[in-house]
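With CSV, N, CA and C atoms inside, this is work_7.csv:
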chain,number,residue,atom,x,y,z
A,1,MET,N,21.2,7.4,-11.0
A,1,MET,CA,20.2,7.8,-10.0
A,1,MET,C,18.9,8.1,-10.8
A,2,LYS,N,17.8,7.9,-10.1
A,2,LYS,CA,16.4,8.2,-10.6
A,2,LYS,C,15.7,8.9,-9.5
A,3,VAL,N,14.6,9.7,-9.9
A,3,VAL,CA,13.7,10.3,-9.0
A,3,VAL,C,12.5,9.5,-9.0
A,4,GLY,N,11.9,9.3,-7.8
A,4,GLY,CA,10.7,8.4,-7.7
A,4,GLY,C,9.8,8.9,-6.6
A,5,THR,N,8.6,8.3,-6.5
A,5,THR,CA,7.6,8.6,-5.4
A,5,THR,C,7.4,7.4,-4.6
A,6,VAL,N,7.5,7.4,-3.3
A,6,VAL,CA,7.1,6.3,-2.4
A,6,VAL,C,5.6,6.1,-2.5
A,7,THR,N,5.2,4.9,-2.9
A,7,THR,CA,3.7,4.6,-3.0
A,7,THR,C,3.2,3.7,-1.9
A,8,GLY,N,4.1,3.2,-1.1
A,8,GLY,CA,3.6,2.3,0.0
A,8,GLY,C,4.8,1.5,0.5
A,9,SER,N,4.4,0.6,1.5
A,9,SER,CA,5.5,-0.2,2.1
A,9,SER,C,5.2,-1.7,1.7
A,10,VAL,N,6.2,-2.5,1.8
A,10,VAL,CA,6.2,-3.9,1.5
A,10,VAL,C,6.4,-4.7,2.8
A,11,TRP,N,5.6,-5.8,2.9
A,11,TRP,CA,5.7,-6.6,4.1
A,11,TRP,C,6.3,-7.9,3.7
A,12,ALA,N,7.2,-8.5,4.5
A,12,ALA,CA,7.8,-9.8,4.2
A,12,ALA,C,7.8,-10.7,5.4
A,13,THR,N,7.5,-12.0,5.2
A,13,THR,CA,7.5,-12.9,6.3
A,13,THR,C,8.9,-13.2,6.8
A,14,LYS,N,9.9,-13.2,5.9
A,14,LYS,CA,11.3,-13.3,6.3
A,14,LYS,C,12.1,-12.3,5.6
A,15,LYS,N,13.1,-11.8,6.4
A,15,LYS,CA,13.9,-10.7,5.8
A,15,LYS,C,15.4,-11.0,6.2
A,16,CYS,N,16.3,-10.7,5.4
A,16,CYS,CA,17.7,-10.9,5.7
A,16,CYS,C,18.1,-10.1,7.0
A,17,PRO,N,18.8,-10.8,7.9
A,17,PRO,CA,19.2,-10.1,9.2
A,17,PRO,C,19.9,-8.7,9.0
A,18,ALA,N,20.6,-8.6,7.9
A,18,ALA,CA,21.3,-7.3,7.7
A,18,ALA,C,20.3,-6.2,7.4
A,19,LEU,N,19.0,-6.5,7.1
A,19,LEU,CA,18.0,-5.5,6.9
A,19,LEU,C,17.1,-5.2,8.1
A,20,THR,N,17.5,-5.7,9.3
A,20,THR,CA,16.7,-5.5,10.5
A,20,THR,C,16.7,-4.0,10.8
A,21,GLY,N,15.5,-3.5,11.1
A,21,GLY,CA,15.3,-2.1,11.3
A,21,GLY,C,15.2,-1.2,10.1
A,22,GLN,N,15.3,-1.8,8.9
A,22,GLN,CA,15.1,-1.1,7.7
A,22,GLN,C,13.8,-1.3,7.1
A,23,SER,N,13.2,-0.3,6.5
A,23,SER,CA,11.9,-0.4,5.9
A,23,SER,C,12.0,-0.9,4.4
A,24,LEU,N,11.1,-1.7,4.0
A,24,LEU,CA,11.0,-2.0,2.5
A,24,LEU,C,9.9,-1.2,2.0
A,25,LEU,N,10.2,-0.3,1.0
A,25,LEU,CA,9.2,0.6,0.4
A,25,LEU,C,9.0,0.3,-1.1
A,26,ARG,N,7.8,0.6,-1.5
A,26,ARG,CA,7.5,0.5,-2.9
A,26,ARG,C,7.6,1.9,-3.5
A,27,VAL,N,8.3,2.0,-4.6
A,27,VAL,CA,8.6,3.3,-5.2
A,27,VAL,C,8.3,3.2,-6.7
A,28,ARG,N,7.6,4.3,-7.2
A,28,ARG,CA,7.4,4.4,-8.7
A,28,ARG,C,8.2,5.6,-9.1
A,29,VAL,N,8.6,5.6,-10.4
A,29,VAL,CA,9.4,6.7,-10.9
A,29,VAL,C,8.4,7.9,-10.9
A,30,GLY,N,8.9,9.1,-10.4
A,30,GLY,CA,8.1,10.2,-10.2
A,30,GLY,C,8.8,11.4,-9.8
A,31,GLU,N,8.6,12.0,-8.5
A,31,GLU,CA,9.1,13.3,-8.2
A,31,GLU,C,9.5,13.5,-6.8
A,32,ARG,N,9.5,12.6,-5.8
A,32,ARG,CA,9.7,12.9,-4.4
A,32,ARG,C,10.9,12.4,-3.8
A,33,VAL,N,11.6,11.3,-4.2
A,33,VAL,CA,12.8,10.8,-3.6
A,33,VAL,C,13.8,10.6,-4.6
A,34,ILE,N,15.1,10.5,-4.2
A,34,ILE,CA,16.2,10.1,-5.1
A,34,ILE,C,16.6,8.7,-4.8
A,35,LEU,N,16.7,7.9,-5.8
A,35,LEU,CA,17.1,6.5,-5.7
A,35,LEU,C,18.5,6.2,-6.2
A,36,ALA,N,19.3,5.4,-5.5
A,36,ALA,CA,20.6,5.0,-6.0
A,36,ALA,C,20.5,3.5,-6.2
A,37,PHE,N,21.2,3.0,-7.2
A,37,PHE,CA,21.2,1.6,-7.6
A,37,PHE,C,22.6,0.9,-7.5
A,38,GLY,N,22.6,-0.4,-7.4
A,38,GLY,CA,23.9,-1.2,-7.4
A,38,GLY,C,24.7,-0.8,-6.2
A,39,ALA,N,26.1,-0.8,-6.5
A,39,ALA,CA,27.0,-0.5,-5.4
A,39,ALA,C,26.8,0.8,-4.7
A,40,ALA,N,26.3,1.8,-5.4
A,40,ALA,CA,26.0,3.1,-4.7
A,40,ALA,C,24.9,3.0,-3.7
A,41,ALA,N,24.0,2.0,-3.8
A,41,ALA,CA,22.9,1.8,-2.9
A,41,ALA,C,23.4,1.1,-1.6
A,42,ARG,N,24.6,0.5,-1.7
A,42,ARG,CA,25.2,-0.2,-0.5
A,42,ARG,C,26.3,0.6,0.2
A,43,LEU,N,26.6,1.8,-0.2
A,43,LEU,CA,27.7,2.5,0.4
A,43,LEU,C,27.6,2.7,1.9
A,44,ALA,N,26.4,3.0,2.5
A,44,ALA,CA,26.3,3.2,3.9
A,44,ALA,C,26.3,1.9,4.7
A,45,ARG,N,25.8,0.8,4.0
A,45,ARG,CA,25.7,-0.5,4.7
A,45,ARG,C,26.3,-1.5,3.7
A,46,PRO,N,27.6,-1.7,3.6
A,46,PRO,CA,28.2,-2.6,2.6
A,46,PRO,C,27.7,-4.1,2.6
A,47,ASN,N,27.3,-4.6,3.8
A,47,ASN,CA,26.9,-6.0,3.9
A,47,ASN,C,25.4,-6.2,3.7
A,48,THR,N,24.7,-5.2,3.3
A,48,THR,CA,23.3,-5.3,3.1
A,48,THR,C,23.0,-5.8,1.6
A,49,PRO,N,22.2,-6.8,1.5
A,49,PRO,CA,21.8,-7.3,0.1
A,49,PRO,C,20.8,-6.4,-0.5
A,50,ALA,N,21.2,-5.2,-0.9
A,50,ALA,CA,20.2,-4.3,-1.5
A,50,ALA,C,20.7,-3.9,-2.9
A,51,ASP,N,19.7,-3.8,-3.8
A,51,ASP,CA,20.1,-3.3,-5.2
A,51,ASP,C,19.7,-1.9,-5.4
A,52,ALA,N,18.8,-1.3,-4.5
A,52,ALA,CA,18.4,0.0,-4.7
A,52,ALA,C,18.1,0.6,-3.3
A,53,ALA,N,18.3,1.9,-3.1
A,53,ALA,CA,18.1,2.6,-1.8
A,53,ALA,C,17.7,4.0,-2.1
A,54,ILE,N,16.8,4.5,-1.2
A,54,ILE,CA,16.4,5.9,-1.2
A,54,ILE,C,17.6,6.7,-0.5
A,55,VAL,N,18.1,7.6,-1.2
A,55,VAL,CA,19.3,8.3,-0.7
A,55,VAL,C,19.0,9.8,-0.3
A,56,ALA,N,17.8,10.3,-0.7
A,56,ALA,CA,17.4,11.6,-0.4
A,56,ALA,C,15.9,11.8,-0.6
A,57,ILE,N,15.4,12.7,0.2
A,57,ILE,CA,14.0,13.1,0.0
A,57,ILE,C,13.9,14.5,-0.5
A,58,LEU,N,13.2,14.7,-1.6
A,58,LEU,CA,13.2,16.0,-2.3
A,58,LEU,C,12.1,16.9,-1.6
A,59,ASP,N,12.5,18.2,-1.4
A,59,ASP,CA,11.6,19.2,-1.0
A,59,ASP,C,10.8,19.7,-2.2
A,60,GLU,N,9.9,20.6,-2.0
A,60,GLU,CA,9.1,21.2,-3.1
A,60,GLU,C,10.1,22.0,-4.0
A,61,GLN,N,10.0,21.8,-5.2
A,61,GLN,CA,10.9,22.4,-6.2
A,61,GLN,C,10.3,23.7,-6.7
A,62,THR,N,11.1,24.8,-6.8
A,62,THR,CA,10.6,26.1,-7.3
A,62,THR,C,11.6,26.4,-8.4
A,63,PRO,N,11.1,27.1,-9.5
A,63,PRO,CA,12.0,27.5,-10.6
A,63,PRO,C,12.9,28.6,-10.1
A,64,PRO,N,14.1,28.6,-10.7
A,64,PRO,CA,15.1,29.7,-10.3
A,64,PRO,C,14.6,31.1,-10.6
A,65,VAL,N,14.9,32.0,-9.8
A,65,VAL,CA,14.5,33.4,-10.1
A,65,VAL,C,15.6,34.0,-11.0
A,66,GLU,N,15.1,34.6,-12.1
A,66,GLU,CA,16.0,35.3,-13.1
A,66,GLU,C,16.4,36.7,-12.6
A,67,ALA,N,17.6,37.0,-12.8
A,67,ALA,CA,18.1,38.4,-12.3
A,67,ALA,C,17.8,39.4,-13.3
What would the structure in this file look like if it were written as structure tokens?
Amino acid sequence: MKVGTVTGSVWATKKCPALTGQSLLRVRVGERVILAFGAAARLARPNTPADAAIVAILDEQTPPVEA
């Protein structure tokens, strides 16, 4: 898994029917979302031809408070 930042969306003239209703997003490695790759990216939709998926959105991170 990697952490990345969504930088925009991607538009396609044709898209696989299995991706209907799904957004294609451009992501750069950074700090706002968690990405899964390979088989882990297809766990929720096994028949989707995807190699990467956003699996979580990160909230603002704060350092732990020391006791």
(message) Would you pick out the contacts of A:Gly4 at 12 Å or less, using only C-alpha atoms, so that residues sharing its chain but fewer than 5 positions from it are not included, and give the list as a count of residues only?
(response) 19
Per DSSP on the backbone, what are the helix (DSSP H, G or I) residues of chain A, as an mmCIF file with N, CA and C atoms, keeping the file's coordinate frame?
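Contents of out16.cif, as written:
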data_model
loop_
_atom_site.group_PDB
_atom_site.id
_atom_site.type_symbol
_atom_site.label_atom_id
_atom_site.label_comp_id
_atom_site.auth_asym_id
_atom_site.auth_seq_id
_atom_site.Cartn_x
_atom_site.Cartn_y
_atom_site.Cartn_z
ATOM 1 N N PRO A 17 18.800 -10.800 7.900
ATOM 2 C CA PRO A 17 19.200 -10.100 9.200
ATOM 3 C C PRO A 17 19.900 -8.700 9.000
ATOM 4 N N ALA A 18 20.600 -8.600 7.900
ATOM 5 C CA ALA A 18 21.300 -7.300 7.700
ATOM 6 C C ALA A 18 20.300 -6.200 7.400
ATOM 7 N N LEU A 19 19.000 -6.500 7.100
ATOM 8 C CA LEU A 19 18.000 -5.500 6.900
ATOM 9 C C LEU A 19 17.100 -5.200 8.100
ATOM 10 N N GLY A 38 22.600 -0.400 -7.400
ATOM 11 C CA GLY A 38 23.900 -1.200 -7.400
ATOM 12 C C GLY A 38 24.700 -0.800 -6.200
ATOM 13 N N ALA A 39 26.100 -0.800 -6.500
ATOM 14 C CA ALA A 39 27.000 -0.500 -5.400
ATOM 15 C C ALA A 39 26.800 0.800 -4.700
ATOM 16 N N ALA A 40 26.300 1.800 -5.400
ATOM 17 C CA ALA A 40 26.000 3.100 -4.700
ATOM 18 C C ALA A 40 24.900 3.000 -3.700
ATOM 19 N N ALA A 41 24.000 2.000 -3.800
ATOM 20 C CA ALA A 41 22.900 1.800 -2.900
ATOM 21 C C ALA A 41 23.400 1.100 -1.600
ATOM 22 N N ARG A 42 24.600 0.500 -1.700
ATOM 23 C CA ARG A 42 25.200 -0.200 -0.500
ATOM 24 C C ARG A 42 26.300 0.600 0.200
#
(request) Would you please work out which residue, of A:Leu24, A:Val65, A:Val10, A:Ala18, is nearest to A:Asn47 when using all atoms listed in the file? (result)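 Answer, going by the shortest atom-to-atom distance: A:Ala18.
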(request) Measure the distance from atom CA of A:Lys15 to atom CA of A:Gly38 in Å and round it to one decimal. (result)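 So the answer is 19.1 Å.
We find atom N of A:Pro46 and atom CA of A:Asp59 to be spaced 26.7 Å apart.
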(request) Going by DSSP on the backbone, which bits of stretch 7-47 of chain A are strand (DSSP E)? Write them as JSON, numbers by chain, please. (result) {"A": [7, 8, 9, 25, 26, 27, 28, 29, 33, 34, 35, 36, 37]}
(request) Figure out the distance between atom CA of A:Pro49 and atom CA of A:Leu19, please, to one decimal in Å. (result)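 Taking atom CA of A:Leu19 and atom CA of A:Pro49, their separation equals 8.0 Å.
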(message) From the options A:Gln22, A:Ala44, A:Cys16, A:Phe37, which residue's atoms come nearest to A:Val3, counting only C-alpha atoms?
(response)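 Looking only at the distances to A:Val3, the closest residue turns out to be A:Phe37.
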All heavy atoms restored at stretch 20-31 of chain A, emitted as a PDB file, in the frame of the given file:
ATOM      1  N   THR A  20      17.500  -5.700   9.300  1.00  0.00           N
ATOM      2  CA  THR A  20      16.700  -5.500  10.500  1.00  0.00           C
ATOM      3  C   THR A  20      16.700  -4.000  10.800  1.00  0.00           C
ATOM      4  O   THR A  20      17.721  -3.309  10.736  1.00  0.00           O
ATOM      5  CB  THR A  20      17.397  -6.235  11.693  1.00  0.00           C
ATOM      6  OG1 THR A  20      17.384  -7.622  11.405  1.00  0.00           O
ATOM      7  CG2 THR A  20      16.639  -5.978  12.986  1.00  0.00           C
ATOM      8  N   GLY A  21      15.500  -3.500  11.100  1.00  0.00           N
ATOM      9  CA  GLY A  21      15.300  -2.100  11.300  1.00  0.00           C
ATOM     10  C   GLY A  21      15.200  -1.200  10.100  1.00  0.00           C
ATOM     11  O   GLY A  21      14.998   0.001  10.192  1.00  0.00           O
ATOM     12  N   GLN A  22      15.300  -1.800   8.900  1.00  0.00           N
ATOM     13  CA  GLN A  22      15.100  -1.100   7.700  1.00  0.00           C
ATOM     14  C   GLN A  22      13.800  -1.300   7.100  1.00  0.00           C
ATOM     15  O   GLN A  22      13.227  -2.410   7.183  1.00  0.00           O
ATOM     16  CB  GLN A  22      16.205  -1.520   6.656  1.00  0.00           C
ATOM     17  CG  GLN A  22      17.624  -1.346   7.146  1.00  0.00           C
ATOM     18  CD  GLN A  22      17.964   0.102   7.398  1.00  0.00           C
ATOM     19  OE1 GLN A  22      17.818   0.935   6.516  1.00  0.00           O
ATOM     20  NE2 GLN A  22      18.418   0.403   8.595  1.00  0.00           N
ATOM     21  N   SER A  23      13.200  -0.300   6.500  1.00  0.00           N
ATOM     22  CA  SER A  23      11.900  -0.400   5.900  1.00  0.00           C
ATOM     23  C   SER A  23      12.000  -0.900   4.400  1.00  0.00           C
ATOM     24  O   SER A  23      12.955  -0.451   3.717  1.00  0.00           O
ATOM     25  CB  SER A  23      11.138   0.910   5.885  1.00  0.00           C
ATOM     26  OG  SER A  23      10.905   1.303   7.207  1.00  0.00           O
ATOM     27  N   LEU A  24      11.100  -1.700   4.000  1.00  0.00           N
ATOM     28  CA  LEU A  24      11.000  -2.000   2.500  1.00  0.00           C
ATOM     29  C   LEU A  24       9.900  -1.200   2.000  1.00  0.00           C
ATOM     30  O   LEU A  24       8.740  -1.274   2.393  1.00  0.00           O
ATOM     31  CB  LEU A  24      10.701  -3.512   2.362  1.00  0.00           C
ATOM     32  CG  LEU A  24      11.721  -4.479   2.957  1.00  0.00           C
ATOM     33  CD1 LEU A  24      11.237  -5.913   2.809  1.00  0.00           C
ATOM     34  CD2 LEU A  24      13.071  -4.308   2.292  1.00  0.00           C
ATOM     35  N   LEU A  25      10.200  -0.300   1.000  1.00  0.00           N
ATOM     36  CA  LEU A  25       9.200   0.600   0.400  1.00  0.00           C
ATOM     37  C   LEU A  25       9.000   0.300  -1.100  1.00  0.00           C
ATOM     38  O   LEU A  25       9.947  -0.028  -1.770  1.00  0.00           O
ATOM     39  CB  LEU A  25       9.700   2.038   0.635  1.00  0.00           C
ATOM     40  CG  LEU A  25       9.907   2.464   2.081  1.00  0.00           C
ATOM     41  CD1 LEU A  25      10.532   3.849   2.130  1.00  0.00           C
ATOM     42  CD2 LEU A  25       8.603   2.440   2.839  1.00  0.00           C
ATOM     43  N   ARG A  26       7.800   0.600  -1.500  1.00  0.00           N
ATOM     44  CA  ARG A  26       7.500   0.500  -2.900  1.00  0.00           C
ATOM     45  C   ARG A  26       7.600   1.900  -3.500  1.00  0.00           C
ATOM     46  O   ARG A  26       7.056   2.845  -2.940  1.00  0.00           O
ATOM     47  CB  ARG A  26       6.041  -0.043  -3.067  1.00  0.00           C
ATOM     48  CG  ARG A  26       5.610  -0.225  -4.485  1.00  0.00           C
ATOM     49  CD  ARG A  26       4.227  -0.801  -4.558  1.00  0.00           C
ATOM     50  NE  ARG A  26       3.519  -0.622  -3.301  1.00  0.00           N
ATOM     51  CZ  ARG A  26       2.321  -1.106  -3.044  1.00  0.00           C
ATOM     52  NH1 ARG A  26       1.699  -1.794  -3.941  1.00  0.00           N
ATOM     53  NH2 ARG A  26       1.744  -0.889  -1.888  1.00  0.00           N
ATOM     54  N   VAL A  27       8.300   2.000  -4.600  1.00  0.00           N
ATOM     55  CA  VAL A  27       8.600   3.300  -5.200  1.00  0.00           C
ATOM     56  C   VAL A  27       8.300   3.200  -6.700  1.00  0.00           C
ATOM     57  O   VAL A  27       8.569   2.274  -7.369  1.00  0.00           O
ATOM     58  CB  VAL A  27      10.058   3.727  -5.029  1.00  0.00           C
ATOM     59  CG1 VAL A  27      10.357   5.040  -5.711  1.00  0.00           C
ATOM     60  CG2 VAL A  27      10.403   3.802  -3.553  1.00  0.00           C
ATOM     61  N   ARG A  28       7.600   4.300  -7.200  1.00  0.00           N
ATOM     62  CA  ARG A  28       7.400   4.400  -8.700  1.00  0.00           C
ATOM     63  C   ARG A  28       8.200   5.600  -9.100  1.00  0.00           C
ATOM     64  O   ARG A  28       8.367   6.597  -8.380  1.00  0.00           O
ATOM     65  CB  ARG A  28       5.948   4.484  -9.040  1.00  0.00           C
ATOM     66  CG  ARG A  28       5.260   5.747  -8.613  1.00  0.00           C
ATOM     67  CD  ARG A  28       3.814   5.759  -9.104  1.00  0.00           C
ATOM     68  NE  ARG A  28       3.125   6.908  -8.546  1.00  0.00           N
ATOM     69  CZ  ARG A  28       3.130   8.111  -9.097  1.00  0.00           C
ATOM     70  NH1 ARG A  28       3.782   8.335 -10.204  1.00  0.00           N
ATOM     71  NH2 ARG A  28       2.484   9.106  -8.527  1.00  0.00           N
ATOM     72  N   VAL A  29       8.600   5.600 -10.400  1.00  0.00           N
ATOM     73  CA  VAL A  29       9.400   6.700 -10.900  1.00  0.00           C
ATOM     74  C   VAL A  29       8.400   7.900 -10.900  1.00  0.00           C
ATOM     75  O   VAL A  29       7.330   7.867 -11.377  1.00  0.00           O
ATOM     76  CB  VAL A  29       9.932   6.425 -12.297  1.00  0.00           C
ATOM     77  CG1 VAL A  29      10.571   7.641 -12.918  1.00  0.00           C
ATOM     78  CG2 VAL A  29      10.933   5.294 -12.203  1.00  0.00           C
ATOM     79  N   GLY A  30       8.900   9.100 -10.400  1.00  0.00           N
ATOM     80  CA  GLY A  30       8.100  10.200 -10.200  1.00  0.00           C
ATOM     81  C   GLY A  30       8.800  11.400  -9.800  1.00  0.00           C
ATOM     82  O   GLY A  30       9.751  11.854 -10.446  1.00  0.00           O
ATOM     83  N   GLU A  31       8.600  12.000  -8.500  1.00  0.00           N
ATOM     84  CA  GLU A  31       9.100  13.300  -8.200  1.00  0.00           C
ATOM     85  C   GLU A  31       9.500  13.500  -6.800  1.00  0.00           C
ATOM     86  O   GLU A  31       9.877  14.630  -6.433  1.00  0.00           O
ATOM     87  CB  GLU A  31       8.085  14.324  -8.607  1.00  0.00           C
ATOM     88  CG  GLU A  31       6.770  14.099  -7.899  1.00  0.00           C
ATOM     89  CD  GLU A  31       5.664  14.992  -8.424  1.00  0.00           C
ATOM     90  OE1 GLU A  31       5.624  16.140  -7.976  1.00  0.00           O
ATOM     91  OE2 GLU A  31       4.888  14.530  -9.248  1.00  0.00           O
TER      92      GLU A  31
END
